[in-house]
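Enquirer: If you scroll down you'll find the structure; I have some questions about it.
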Amino acid sequence: MAPGAGRRRATARGGIPDRLGIALAALLCAAGPAPAQDFSAWSLAALYPRDGRRDLTGADIDRYPGAGVLFCHGPDGIPRKAAAAWLVGDPSVVVLNAHNFRNRRLETTREVGDCFFQIGGRNYDFVPGSIELGAEPAAQALHITDDWAILRLVRPVEGARPQPLPAAPELGEGPMRLPVVMVSPGGHENYRGPASLETCAIRQVDPPSEGGIRRLRHDCNDGFGGSGSGLFDEAGRLVAMQSASLSMNARKPFDIEFHYGSALAFEGALLTALRRAVAGQAGP
């Protein structure tokens, strides 16, 4: 959290502050329209020179159930695709990024009532007061490992399975090369298809935050609208959720200090809150 709030402020090697990644999340991966600029030169560019993404298929949905999309109404009242979201553990529990509703200073940028969840071709409204955020109530800033929110649907989803409740991933810490699959049901503004899947790798696991959640640095391609994408291990188990990426669309080689994606692991406070939500208990 902010200085003095009791939050450990981890830094990346080379002095890149952790808060920079989440500051960029709102700019680069967050829901809603991207900043006004000319994307024509790289409108279909990947984050890295190697782009292994492909269209998500029906077979993929069977393997990675619970994949949905957050839609939100703009100022003109028209609903637009905002980010990926996941039905997890229960047909009425959805997990997604907190930065869909809060900026890095934890100011409200979008009301829950302005959004809905789409899965299996159907739309579902959220219970507005059900949002539970990863940041502590007294926090003044949003960090990568706080960038989660849990919402409850007004009515349970029909005709689509939720993702099984994750188990905390058994990961070491430090540099590694762990194969994963990034599933992006919300797609990317720099990818032709409406949704994508890519085989890539976790390249470093940072120490846990005070909430017991670790940031995973990876080399998966991301893009505007790709927030909330799920990272799955080779056995098809949900490991982490994408939060932000540095230097979006720079198309440079992966660099552990300056050019990487950041995801938060399904563990610690997030996993505790999910278990509580699936059990039907209200958050603190």
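Residue numbering restarts at 1 for every chain of the structure tokens, chains are lettered A, B, ... in their displayed order, and ligands are numbered from 1 as they appear.
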Write down as a ChimeraX atom specification the residues of segment 66-138 of chain A whose backbone DSSP state falls under helix (DSSP H, G or I).
Expert: /A:98-100,112-114,128-130
Enquirer: Excluding segment 94-104 of chain A and residues on its chain fewer than 5 positions from it, collect all residues at most 8 Å away from it, counting only C-alpha atoms, and give them as JSON, numbers by chain.
Expert: {"A": [22, 23, 25, 26, 30, 31, 82, 83, 84, 85, 86, 87, 88, 109, 110, 111, 112, 133, 134, 141, 142, 143, 146, 147, 148, 149, 150, 151, 152, 153, 227, 228, 241, 243]}
Enquirer: Using only C-alpha atoms, pick whichever of A:Cys220, A:Ile119, A:Leu238, A:Val69 has the shortest atom-to-atom distance to Pro253 of chain A.
Expert: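 That would be A:Cys220, the residue with the smallest distance to Pro253 of chain A.
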Enquirer: Go through A:Leu165, A:Ala135, A:Leu216, A:Ala263 one by one, measure the shortest atom-to-atom distance of each to Ala279 of chain A using only C-alpha atoms, and give the residue with the smallest value.
Expert: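 Ranking A:Leu165, A:Ala135, A:Leu216, A:Ala263 by distance to Ala279 of chain A, first place goes to A:Leu165.
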Enquirer: Mind pulling up the distance from atom CA of Pro179 of chain A to atom CA of Asp233 of chain A?
Expert: 6.7 Å
Enquirer: Hey, what does DSSP flag as strand (DSSP E) within segment 57-231 of chain A? Can you give it to me as an MDAnalysis selection string?
Expert: chainID A and resid 67:73 79:87 93:96 115:119 122:125 132:133 149:152 174:184 196:205 215:218 230:231
Enquirer: May I ask which of the residues A:Gly230, A:Gly223, A:Gly121, A:Gly261 is the closest one to Gly159 of chain A, counting only C-alpha atoms?
Expert: A:Gly121
Enquirer: Check the smallest atom-to-atom distance from each of A:Asn221, A:Ser92, A:Ser229, A:Asn190 to Ala67 of chain A using only C-alpha atoms, then report the winner.
Expert: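 Smallest separation from Ala67 of chain A among the options: A:Ser229.
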Enquirer: Neighbours of Arg217 of chain A within 6 Å (only C-alpha atoms; same-chain residues fewer than 6 positions away dropped), as JSON, numbers by chain?
Expert: {"A": [202, 203, 204, 261, 262]}
Enquirer: Output all heavy atoms for every residue in that selection, as a tab-separated table (two decimals), in the first residue's frame.
Expert:
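out.tsv written:
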chain	number	residue	atom	x	y	z
A	202	ILE	N	6.29	-18.67	-17.45
A	202	ILE	CA	6.63	-17.84	-16.29
A	202	ILE	C	8.15	-17.82	-16.20
A	202	ILE	O	8.80	-18.86	-16.23
A	202	ILE	CB	6.01	-18.42	-15.00
A	202	ILE	CG1	4.48	-18.33	-15.05
A	202	ILE	CG2	6.55	-17.69	-13.77
A	202	ILE	CD1	3.79	-19.10	-13.96
A	203	ARG	N	8.71	-16.63	-16.07
A	203	ARG	CA	10.16	-16.49	-16.09
A	203	ARG	C	10.76	-16.11	-14.73
A	203	ARG	O	11.96	-16.24	-14.54
A	203	ARG	CB	10.56	-15.46	-17.15
A	203	ARG	CG	10.05	-15.78	-18.55
A	203	ARG	CD	10.76	-16.95	-19.15
A	203	ARG	NE	12.11	-16.61	-19.50
A	203	ARG	CZ	12.46	-16.09	-20.69
A	203	ARG	NH1	11.54	-15.91	-21.64
A	203	ARG	NH2	13.70	-15.80	-20.95
A	204	GLN	N	9.93	-15.60	-13.84
A	204	GLN	CA	10.40	-15.30	-12.48
A	204	GLN	C	9.22	-15.23	-11.53
A	204	GLN	O	8.15	-14.73	-11.89
A	204	GLN	CB	11.18	-13.98	-12.42
A	204	GLN	CG	11.63	-13.61	-11.00
A	204	GLN	CD	12.68	-12.52	-10.97
A	204	GLN	OE1	13.72	-12.62	-11.64
A	204	GLN	NE2	12.43	-11.48	-10.21
A	261	GLY	N	5.52	-9.36	-18.52
A	261	GLY	CA	4.15	-9.30	-18.06
A	261	GLY	C	4.08	-9.63	-16.58
A	261	GLY	O	4.92	-10.37	-16.07
A	262	SER	N	3.09	-9.08	-15.90
A	262	SER	CA	2.91	-9.33	-14.47
A	262	SER	C	1.55	-9.97	-14.21
A	262	SER	O	0.52	-9.43	-14.62
A	262	SER	CB	2.99	-8.01	-13.68
A	262	SER	OG	4.30	-7.50	-13.65
Enquirer: Show which residues sit within 8 Å of Arg161 of chain A, as a list in words. Count only C-alpha atoms, and ignore same-chain residues fewer than 6 positions away.
Expert: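 Result of the neighbour search: Pro65, Gly66, Leu87 and Pro91 of chain A.
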Enquirer: With C-alpha atoms retained, export the selected residues as a compact mmCIF listing (two decimals), in the first residue's frame.
Expert:
# COMPACT_ATOMS: atom_id res chain seq x y z
CA PRO A 65 -14.06 -23.60 -18.23
CA GLY A 66 -15.31 -20.44 -16.57
CA LEU A 87 -16.47 -17.82 -13.15
CA PRO A 91 -22.02 -20.49 -10.87
